[in-house]
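Okay, structure first, notes after.
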Amino acid sequence: VLTFPNLERMAQWDVVIVGAGLAGLTAANQLVKKNPEFKVLVLEGKDRVGGRTVTLSLKAANGVDQWDLGGQWVGRTQHHVLELIKELELEIIPQYTTGTKFYQLGGAHAKISSYSSSIPTLSLLALIDLQLLLWKVDKLRKMVPPENPNACPQALKFDSMTVETFKQNNLWTQKSAKDAMDVACKSLFGIECRQLSFLYFLLYASAAGGLMPLIEATKWSAQEYKIKGGAQQLSELLADRIGRGNILLSSRVSHILQNKDSVVVRTEDATFSCKRVIVTCPPHLAAKIHYEPSLPSKRESLTQNMPVGHYIKFIITYPTAFWREKGYSGEIVCNGCFDSPLSFTFDATSSTGNPALVGFIAAGQALEWSQKTFEERKDGVINGLVKFLGPEAAAYIQYTEKDWSQEPYSGGCPVNVMVPGMITYFHPYLRKPCGSFKNIGFNRFLSFKRREYFLSSLTFKFQLIHFQDYNRIHWAGTETATAWCGYMSGAIQSGIRAANEVLRHINP
């Protein structure tokens, strides 16, 4: 058990924020905007700001240009990110979607088909079946309030089944309709249908205003626009506003200690004292921080049981946008055959006209291909593109990729999800500010088993031992958002919400 340190010689901060991604930097910006006198410190384990956004310079047709290897798309209904883009005087450009799209459902030897609508051209029966399912999902998601999914009348039922179970029970025709549903799940979460709570699936769709805005790349969708110059600019410009001196990089938080008056945050080589702390790192990373005293058991169970998706994202630059010349959009959808790494691709031509394609290897496919070498993955991707788009796909300038499962202090992408049973019991603790429960009295003198018996009797009869809940830890991150959970906009919303929670306590 760690002892609470002497604070007299320690630098005092009003708020310490764990994580310099969009949630953390938005929270810091919100705090200093409301009160410029606030002393706010941001601690980040990575050697950069941006979290799950990262923009790199790559060789291109006209020299060098910037592309995103992390989060990149925004949509017109994502108000929080659009407001920040406007505030930071950045520009957005539309995602190119004109032309023929391709899909292959059913494995590497299945037929390659083309389509031009938002949904692949399946057989008539499969299309009817899939459309009925989409309508049903949209009807059900309206029953799930993003702020409180347990208010759904069928919450327990939906949280007891996987998306796979729902799919099998509601799709009756050819396998192609089921394959299309698999693609949607993998592309949204980097997770297979059989791993995901159906209630969480509905919650995610509800937070986006529907399922179709999540999976389309059209007007009103999540993939409608890109940020000119790259999405990491959001974090870089926020860091400039906050002050680079108030952001410590390569500073992994290892311990958070609380008492009734303050919080102490420790990294590997420094200790900081503050009035409140906002933890914005993904849940599975928040679970690796040691809290003293321990967090409530439901909060601990939550963070330890929210698996993160698996994405490998790649960018390929080209001398010409040959797919456009052929009348193709650059959009490809596959349901995950293991002899080809492609899951889905889009046109990624830059705002300056440098041609490129962006694509993903997702979910189980990503797990399989992450075991192969870089050259094997690259060859697999290029060969797959040649199959869909023609031999010109082999004449690229540069191929680069990021396996987000290997990214330090991310460990996966795009979002942490909930498996069956998690929402029903633990969801309220996702956003709820919570402190540490500390028993006062005979706790330290007794073994675990004796302590449990001793506490249960003495607490009831004599009130000799009680618990304190300091409530000095606040939670943010895109997983906690009630609008566009899992997206940059959700991260920004969560940072604003957490900052406002802190302001109510420090500056009522």
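Chain lettering (A, B, ...) mirrors the order of the structure tokens, residue numbering begins at 1 for each chain separately, and ligand numbering begins at 1 in order of display.
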
Quick one: which segment 18-71 of chain A residues come within 9 Å of segment 219-234 of chain A, and what is the nearest atom pair for each with the distance in Å to one decimal, counting only C-alpha atoms, rows ordered by chain and ascending number, as a tab-separated table?
residue	atom	partner	partner_atom	distance
A:Leu22	CA	A:Leu234	CA	7.5
A:Val49	CA	A:Gln232	CA	8.0
A:Gly50	CA	A:Gln232	CA	5.6
A:Gly51	CA	A:Gln232	CA	8.7
A:Arg52	CA	A:Gln232	CA	8.8
A:Thr53	CA	A:Gln232	CA	5.3
A:Val54	CA	A:Gln232	CA	5.2
A:Thr55	CA	A:Gln232	CA	5.6
A:Leu56	CA	A:Gly230	CA	8.4
A:Asp65	CA	A:Gly229	CA	8.4
A:Gln66	CA	A:Gly229	CA	6.1
A:Trp67	CA	A:Gly230	CA	6.1
A:Asp68	CA	A:Gly230	CA	5.7
A:Gly70	CA	A:Ala231	CA	8.2
A:Gly71	CA	A:Ala231	CA	6.9

Practice task
Write out as a count of residues only all residues of segment 268-487 of chain A that backbone DSSP assigns to helix (DSSP H, G or I).
Solution key: 75

Problem - Spatial neighbours of Tyr311 of chain A, 6 Å, only C-alpha atoms, chain gap at least 2 places, as a VMD selection string - result: chain A and resid 190 361 to 362 404 413

Problem - Spatial neighbours of Gly309 of chain A, 7 Å, only C-alpha atoms, chain gap at least 6 places, as a ChimeraX atom specification - result: /A:189-191,363,412-416

Set out as a tab-separated table a contact list for segment 58-133 of chain A and segment 385-392 of chain A with a cut-off of 12 Å, giving each residue of segment 58-133 of chain A that qualifies its closest atom pair and distance in Å to one decimal, counting only C-alpha atoms, ordered by chain and rising residue number.
residue	atom	partner	partner_atom	distance
A:Thr100	CA	A:Leu389	CA	10.5
A:Lys101	CA	A:Phe388	CA	9.5
A:Phe102	CA	A:Phe388	CA	7.1
A:Tyr103	CA	A:Phe388	CA	8.6
A:Gln104	CA	A:Phe388	CA	9.3
A:Ala108	CA	A:Lys387	CA	10.5
A:His109	CA	A:Lys387	CA	11.4
A:Lys111	CA	A:Phe388	CA	10.9
A:Ile112	CA	A:Phe388	CA	7.6
A:Ser113	CA	A:Phe388	CA	9.4
A:Ser114	CA	A:Phe388	CA	9.7

Would you export the selected residues with C-alpha atoms as a PDB file, in the first residue's frame, please?
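Listed below is the output, again-v4.pdb:
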ATOM      1  CA  THR A 100     -18.223   2.122 -59.456  1.00  0.00           C
ATOM      2  CA  LYS A 101     -17.601   0.288 -56.184  1.00  0.00           C
ATOM      3  CA  PHE A 102     -16.579  -3.334 -55.750  1.00  0.00           C
ATOM      4  CA  TYR A 103     -17.330  -6.043 -53.224  1.00  0.00           C
ATOM      5  CA  GLN A 104     -16.458  -9.671 -52.643  1.00  0.00           C
ATOM      6  CA  ALA A 108     -11.241 -15.383 -51.862  1.00  0.00           C
ATOM      7  CA  HIS A 109     -12.823 -17.433 -54.643  1.00  0.00           C
ATOM      8  CA  LYS A 111     -17.348 -13.600 -57.425  1.00  0.00           C
ATOM      9  CA  ILE A 112     -16.231  -9.960 -57.512  1.00  0.00           C
ATOM     10  CA  SER A 113     -19.278  -7.757 -58.058  1.00  0.00           C
ATOM     11  CA  SER A 114     -19.773  -4.058 -58.642  1.00  0.00           C
TER      12      SER A 114
END

Problem - Among listed residues A:Gln168, A:Ser57, A:Ser273, A:Gln154, nearest Tyr399 of chain A (using only C-alpha atoms) - result: A:Ser57

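Between atom CA of Leu237 of chain A and atom CA of Val42 of chain A the separation is 14.6 Å.
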
Practice task
Compare A:Ser251, A:Asn354, A:Ser176, A:Ser489 by their minimum atom-to-atom distance to Leu125 of chain A, counting only C-alpha atoms, and give me the closest one.
Solution key: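 Answer, going by the shortest atom-to-atom distance: A:Ser176.
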
Handout entry: Spatial neighbours of Lys288 of chain A, max dist 8 Å, only C-alpha atoms, sep filter under 3 positions, as a ChimeraX atom specification
Key = /A:254,284-285

Take the residues from that selection and write them out as an mmCIF file, in the first residue's frame, keeping C-alpha atoms.
data_model
loop_
_atom_site.group_PDB
_atom_site.id
_atom_site.type_symbol
_atom_site.label_atom_id
_atom_site.label_comp_id
_atom_site.auth_asym_id
_atom_site.auth_seq_id
_atom_site.Cartn_x
_atom_site.Cartn_y
_atom_site.Cartn_z
ATOM 1 C CA SER A 254 1.593 4.740 -13.161
ATOM 2 C CA HIS A 284 -7.998 -1.035 -21.166
ATOM 3 C CA LEU A 285 -5.102 1.364 -20.532
#
